[in-house]
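Structure file start-v3.cif (mmCIF, C-alpha atoms and all ligand atoms) follows.
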```
data_entry
loop_
_atom_site.label_atom_id
_atom_site.label_comp_id
_atom_site.auth_asym_id
_atom_site.auth_seq_id
_atom_site.Cartn_x
_atom_site.Cartn_y
_atom_site.Cartn_z
CA MET A 31 -160.76 101.60 106.47
CA ARG A 32 -162.48 98.25 107.00
CA ASN A 33 -165.90 99.82 106.42
CA LEU A 34 -164.77 101.35 103.17
CA SER A 35 -163.07 98.30 101.71
CA ARG A 36 -166.14 96.06 101.83
CA PRO A 37 -168.28 98.04 99.33
CA LEU A 38 -165.17 98.38 97.18
CA LEU A 39 -164.70 94.60 97.14
CA VAL A 40 -168.33 94.10 96.22
CA ALA A 41 -167.97 96.60 93.39
CA TYR A 42 -164.86 94.83 92.04
CA ALA A 43 -166.54 91.45 92.26
CA LEU A 44 -169.51 92.78 90.32
CA MET A 45 -167.29 94.37 87.70
CA PHE A 46 -165.29 91.19 87.04
CA SER A 47 -168.35 89.00 86.94
CA THR A 48 -169.91 91.28 84.28
CA VAL A 49 -166.74 91.17 82.19
CA SER A 50 -166.48 87.36 82.33
CA LEU A 51 -170.19 87.03 81.58
CA ALA A 52 -169.78 89.10 78.42
CA GLN A 53 -166.82 86.93 77.34
CA ALA A 54 -168.79 83.77 77.96
CA GLU A 55 -171.63 85.04 75.77
CA ASN A 56 -169.26 86.13 73.00
CA PRO A 57 -166.05 84.10 73.29
CA LYS A 58 -164.88 84.66 69.70
CA GLY A 59 -166.05 88.27 69.31
CA TRP A 60 -169.15 89.71 67.71
CA ILE A 61 -168.47 88.64 64.10
CA LEU A 62 -166.88 85.21 64.50
CA ASN A 63 -169.43 84.27 67.11
CA ALA A 64 -172.29 84.48 64.58
CA GLU A 65 -173.93 81.21 63.54
CA SER A 66 -173.18 81.41 59.81
CA ASN A 67 -171.33 83.42 57.18
CA GLU A 68 -174.67 84.80 56.01
CA GLU A 69 -175.27 86.18 59.49
CA ARG A 70 -171.68 87.49 59.66
CA PHE A 71 -172.06 89.40 56.41
CA GLN A 72 -175.37 90.79 57.60
CA LEU A 73 -173.66 92.07 60.72
CA ILE A 74 -170.87 93.69 58.71
CA GLN A 75 -173.29 95.15 56.15
CA GLY A 76 -175.40 96.72 58.87
CA TYR A 77 -172.36 98.04 60.67
CA LEU A 78 -171.01 99.69 57.48
CA ARG A 79 -174.31 101.62 57.20
CA GLY A 80 -175.76 103.35 54.14
CA PHE A 81 -175.07 106.64 52.35
CA ASP A 82 -174.93 108.69 55.56
CA GLN A 83 -171.55 107.29 56.53
CA PRO A 84 -169.69 108.22 53.29
CA MET A 85 -171.49 111.60 53.34
CA TRP A 86 -170.18 112.21 56.81
CA GLU A 87 -166.66 111.70 55.46
CA VAL A 88 -167.40 113.91 52.44
CA GLY A 89 -168.56 116.70 54.79
CA GLU A 90 -165.41 116.42 56.90
CA ARG A 91 -163.23 116.47 53.81
CA TYR A 92 -165.07 119.46 52.33
CA GLU A 93 -164.25 121.37 55.48
CA LYS A 94 -160.62 120.27 54.99
CA VAL A 95 -160.75 121.63 51.44
CA TYR A 96 -161.82 124.95 52.92
CA GLU A 97 -158.97 124.87 55.42
CA ALA A 98 -156.46 123.99 52.68
CA LEU A 99 -157.63 126.95 50.58
CA THR A 100 -157.28 129.38 53.50
CA ARG A 101 -153.68 128.16 53.77
CA GLU A 102 -153.21 128.36 50.00
CA ASN A 103 -152.27 124.66 50.09
CA TYR A 104 -153.75 123.75 46.71
CA LYS A 105 -152.17 120.29 46.64
CA LEU A 106 -154.00 119.43 49.85
CA ALA A 107 -157.26 120.87 48.52
CA GLY A 108 -156.86 118.68 45.41
CA TYR A 109 -156.09 115.66 47.58
CA HIS A 110 -159.30 115.99 49.57
CA TRP A 111 -161.26 116.71 46.40
CA ARG A 112 -160.02 113.38 44.94
CA LYS A 113 -160.94 111.54 48.13
CA ILE A 114 -164.41 113.09 48.01
CA LYS A 115 -164.88 111.55 44.56
CA THR A 116 -163.74 108.11 45.77
CA THR A 117 -165.98 108.34 48.81
CA ILE A 118 -169.13 109.30 46.89
CA GLN A 119 -168.51 106.65 44.23
CA ASN A 120 -167.86 103.98 46.87
CA GLY A 121 -171.22 105.01 48.30
CA TYR A 122 -172.91 103.81 45.08
CA LEU A 123 -172.05 100.25 46.14
CA LYS A 124 -174.29 100.73 49.14
CA ARG A 125 -177.00 102.92 47.64
CA PRO A 126 -177.09 102.59 43.81
CA LYS A 127 -180.19 104.81 43.67
CA ARG A 128 -178.01 107.82 44.61
CA GLN A 129 -175.83 107.41 41.51
CA PRO A 130 -177.97 109.06 38.78
CA ASN A 131 -178.25 112.41 40.61
CA ALA A 132 -174.63 112.37 41.76
CA ASP A 133 -173.46 111.63 38.22
CA SER A 134 -175.67 114.21 36.52
CA ILE A 135 -175.31 116.99 39.12
CA PHE A 136 -171.87 116.53 40.63
CA PHE A 137 -169.75 114.49 38.22
CA ASN A 138 -171.26 116.17 35.15
CA GLY A 139 -168.14 118.28 34.73
CA THR A 140 -168.29 120.21 38.00
CA TRP A 141 -165.98 117.81 39.80
CA LYS A 142 -163.39 118.04 37.04
CA SER A 143 -163.46 121.81 36.63
CA VAL A 144 -163.08 122.28 40.39
CA LYS A 145 -160.12 119.90 40.35
CA GLU A 146 -158.50 121.86 37.52
CA ALA A 147 -158.99 125.12 39.41
CA PHE A 148 -157.24 123.68 42.48
CA ASP A 149 -154.44 122.33 40.28
CA SER A 150 -153.96 125.81 38.79
CA ALA A 151 -153.01 127.11 42.29
CA ASP A 152 -154.69 130.37 41.33
CA LYS A 153 -156.25 131.82 44.46
CA LYS A 154 -159.20 133.47 42.76
CA LYS A 155 -159.99 130.48 40.55
CA ALA A 156 -159.70 128.10 43.49
CA TRP A 157 -162.19 130.02 45.67
CA LYS A 158 -164.59 130.36 42.78
CA ALA A 159 -164.34 126.59 42.32
CA PHE A 160 -165.02 126.05 46.02
CA GLU A 161 -168.33 127.89 45.59
CA GLU A 162 -169.13 125.95 42.42
CA GLY A 163 -168.48 122.63 44.18
CA LYS A 164 -170.60 123.66 47.14
CA GLY A 165 -173.46 124.57 44.82
CA ALA A 166 -173.35 121.09 43.28
CA CYS A 167 -173.34 119.39 46.72
CA MET A 168 -176.40 121.41 47.69
CA ALA A 169 -178.20 120.80 44.40
CA CYS A 170 -177.81 117.02 44.85
CA HIS A 171 -179.22 117.27 48.36
CA ARG A 172 -182.27 119.06 47.01
CA ALA A 173 -182.66 116.53 44.18
CA GLU A 174 -182.39 113.63 46.66
CA GLY A 175 -185.08 115.09 48.91
CA VAL A 176 -182.69 116.00 51.74
CA GLY A 177 -182.58 119.77 51.18
CA TYR A 178 -182.54 120.30 54.96
CA MET A 179 -178.89 119.12 54.86
CA ASN A 180 -178.00 122.45 53.29
CA ASP A 181 -179.01 124.42 56.38
CA GLN A 182 -175.82 123.78 58.38
CA SER A 183 -172.65 125.74 59.02
CA LEU A 184 -170.58 123.66 56.57
CA PHE A 185 -172.43 125.27 53.67
CA GLU A 186 -171.83 128.78 55.01
CA LEU A 187 -168.07 128.46 54.52
CA LYS A 188 -166.94 130.80 51.75
C1 LIG B 1 -176.37 111.85 45.52
C2 LIG B 1 -176.10 113.26 45.52
C3 LIG B 1 -175.24 113.86 46.62
C4 LIG B 1 -174.07 114.55 46.40
C5 LIG B 1 -173.36 114.81 45.10
C6 LIG B 1 -173.65 115.04 47.70
N1 LIG B 1 -174.51 114.61 48.67
FE1 LIG B 1 -174.33 114.94 50.67
N2 LIG B 1 -175.94 113.77 51.02
C7 LIG B 1 -176.70 113.15 50.07
C8 LIG B 1 -177.75 112.37 50.72
C9 LIG B 1 -178.79 111.53 50.02
C10 LIG B 1 -177.56 112.56 52.11
C11 LIG B 1 -178.43 111.93 53.23
C12 LIG B 1 -177.89 110.53 53.52
C13 LIG B 1 -178.81 109.68 54.34
O1 LIG B 1 -179.88 110.13 54.72
O2 LIG B 1 -178.45 108.51 54.55
C14 LIG B 1 -176.44 113.45 52.26
C15 LIG B 1 -175.95 113.87 53.48
C16 LIG B 1 -174.88 114.75 53.66
C17 LIG B 1 -174.37 115.18 54.94
C18 LIG B 1 -174.87 114.76 56.31
C19 LIG B 1 -174.13 113.49 56.73
C20 LIG B 1 -174.34 113.15 58.17
O3 LIG B 1 -174.87 112.06 58.46
O4 LIG B 1 -173.95 113.97 59.02
C21 LIG B 1 -173.32 116.03 54.69
C22 LIG B 1 -172.46 116.73 55.70
C23 LIG B 1 -173.18 116.10 53.25
N3 LIG B 1 -174.14 115.31 52.66
C24 LIG B 1 -172.22 116.86 52.62
C25 LIG B 1 -172.02 116.86 51.25
C26 LIG B 1 -170.99 117.62 50.58
C27 LIG B 1 -170.02 118.57 51.27
C28 LIG B 1 -171.07 117.33 49.26
C29 LIG B 1 -170.25 117.85 48.13
C30 LIG B 1 -168.81 117.81 48.23
C31 LIG B 1 -172.16 116.38 49.10
N4 LIG B 1 -172.71 116.13 50.32
C32 LIG B 1 -172.53 115.84 47.88
C33 LIG B 1 -176.54 113.23 48.71
C34 LIG B 1 -175.50 113.86 48.05
#
```
structure tokens encoding of this file:
Amino acid sequence: MRNLSRPLLVAYALMFSTVSLAQAENPKGWILNAESNEERFQLIQGYLRGFDQPMWEVGERYEKVYEALTRENYKLAGYHWRKIKTTIQNGYLKRPKRQPNADSIFFNGTWKSVKEAFDSADKKKAWKAFEEGKGACMACHRAEGVGYMNDQSLFELK
């Protein structure tokens, strides 16, 4: 027992000293501890990332659209489709250069006609719209020079 408890004590001591060291370096937390507001906003801006982060959400939601259609839950499909629009358009704030292709390829009428097909709750129309939407996602990836994005399982859902 005695032989075992010594290394354990040393380990605990090390653990607590690391924790208090980190607190001493950063007493107010990683944002408030910055020297200036400029530096704080830089931290937040970097943390919020670029277009990849909204696209990640768009990908997750597109999979949810697929799931909603398999359940014939057209309201849910429409919900995610609306959130996809918000997410892409919020992404323009971060990367304005993505807007022209998104507007001309995705929001050129495709977004709206897909939405109307989901609202119709017509199974055939809704699945056709799913394919149409997917085609527009993939076309924008090609136009933006990231065509390799299209070679992943998400775009094999049908
Ligand atoms: C501007 C046109 C554009 C449209 C429209 C678009 N994308 Fe993207 N997408 C991109 C770009 C650009 C990237 C790469 C982002 C980066 O490199 O920071 C990307 C990346 C992605 C990624 C990878 C994200 C990651 O980091 O894992 C997924 C998934 C994705 N898009 C899905 C979709 C889906 C699904 C749609 C349609 C509902 C869609 N995209 C519509 C431009 C677009």
Kindly give the distance, in Å, that separates CA of Leu106 (chain A) and CA of Asn131 (chain A), rounded to a single decimal.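 A separation of 26.9 Å between them.
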Atom-to-atom span, CA of Lys154 (chain A) and CA of Trp111 (chain A), Å: 17.3 Å
What does the list of residues within 7 Å of ligand LIG 1 (chain B) look like if you count only C-alpha atoms and all ligand atoms, written as a PyMOL selection string? chain A and resi 80-83+85-86+88-89+92+114+128-129+131-132+135-136+163-164+166-168+170-171+174+176+179
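If you look at CA of Lys94 (chain A) and CA of Lys113 (chain A), they are 11.1 Å away from each other.
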Which is closest to Gly108 (chain A) among A:Leu123, A:Glu186, A:Phe160, A:Gly175, if we use all atoms listed in the file? A:Phe160
Measuring atom to atom with all atoms listed in the file, identify which of A:Ala159, A:Ile74, A:Leu62, A:Ile118 is nearest to Leu99 (chain A).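 Smallest distance to Leu99 (chain A) is found for A:Ala159.
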Looking at A:Asp133, A:Asn180, A:Pro126, A:Glu161, which one is nearest to Ala147 (chain A), with distances taken over only C-alpha atoms? A:Glu161
Which residues are near His110 (chain A)? Cut-off 12 Å, all atoms listed in the file, ignore same chain within fewer than 4 positions. Put them as a PyMOL selection string. chain A and resi 87-99+103-106+114-117+141+144-145+148
Grab the residues selected above and save them as an mmCIF file, keeping the file's coordinate frame with C-alpha atoms.
```cif
data_model
loop_
_atom_site.group_PDB
_atom_site.id
_atom_site.type_symbol
_atom_site.label_atom_id
_atom_site.label_comp_id
_atom_site.auth_asym_id
_atom_site.auth_seq_id
_atom_site.Cartn_x
_atom_site.Cartn_y
_atom_site.Cartn_z
ATOM 1 C CA GLU A 87 -166.660 111.700 55.460
ATOM 2 C CA VAL A 88 -167.400 113.910 52.440
ATOM 3 C CA GLY A 89 -168.560 116.700 54.790
ATOM 4 C CA GLU A 90 -165.410 116.420 56.900
ATOM 5 C CA ARG A 91 -163.230 116.470 53.810
ATOM 6 C CA TYR A 92 -165.070 119.460 52.330
ATOM 7 C CA GLU A 93 -164.250 121.370 55.480
ATOM 8 C CA LYS A 94 -160.620 120.270 54.990
ATOM 9 C CA VAL A 95 -160.750 121.630 51.440
ATOM 10 C CA TYR A 96 -161.820 124.950 52.920
ATOM 11 C CA GLU A 97 -158.970 124.870 55.420
ATOM 12 C CA ALA A 98 -156.460 123.990 52.680
ATOM 13 C CA LEU A 99 -157.630 126.950 50.580
ATOM 14 C CA ASN A 103 -152.270 124.660 50.090
ATOM 15 C CA TYR A 104 -153.750 123.750 46.710
ATOM 16 C CA LYS A 105 -152.170 120.290 46.640
ATOM 17 C CA LEU A 106 -154.000 119.430 49.850
ATOM 18 C CA ILE A 114 -164.410 113.090 48.010
ATOM 19 C CA LYS A 115 -164.880 111.550 44.560
ATOM 20 C CA THR A 116 -163.740 108.110 45.770
ATOM 21 C CA THR A 117 -165.980 108.340 48.810
ATOM 22 C CA TRP A 141 -165.980 117.810 39.800
ATOM 23 C CA VAL A 144 -163.080 122.280 40.390
ATOM 24 C CA LYS A 145 -160.120 119.900 40.350
ATOM 25 C CA PHE A 148 -157.240 123.680 42.480
#
```
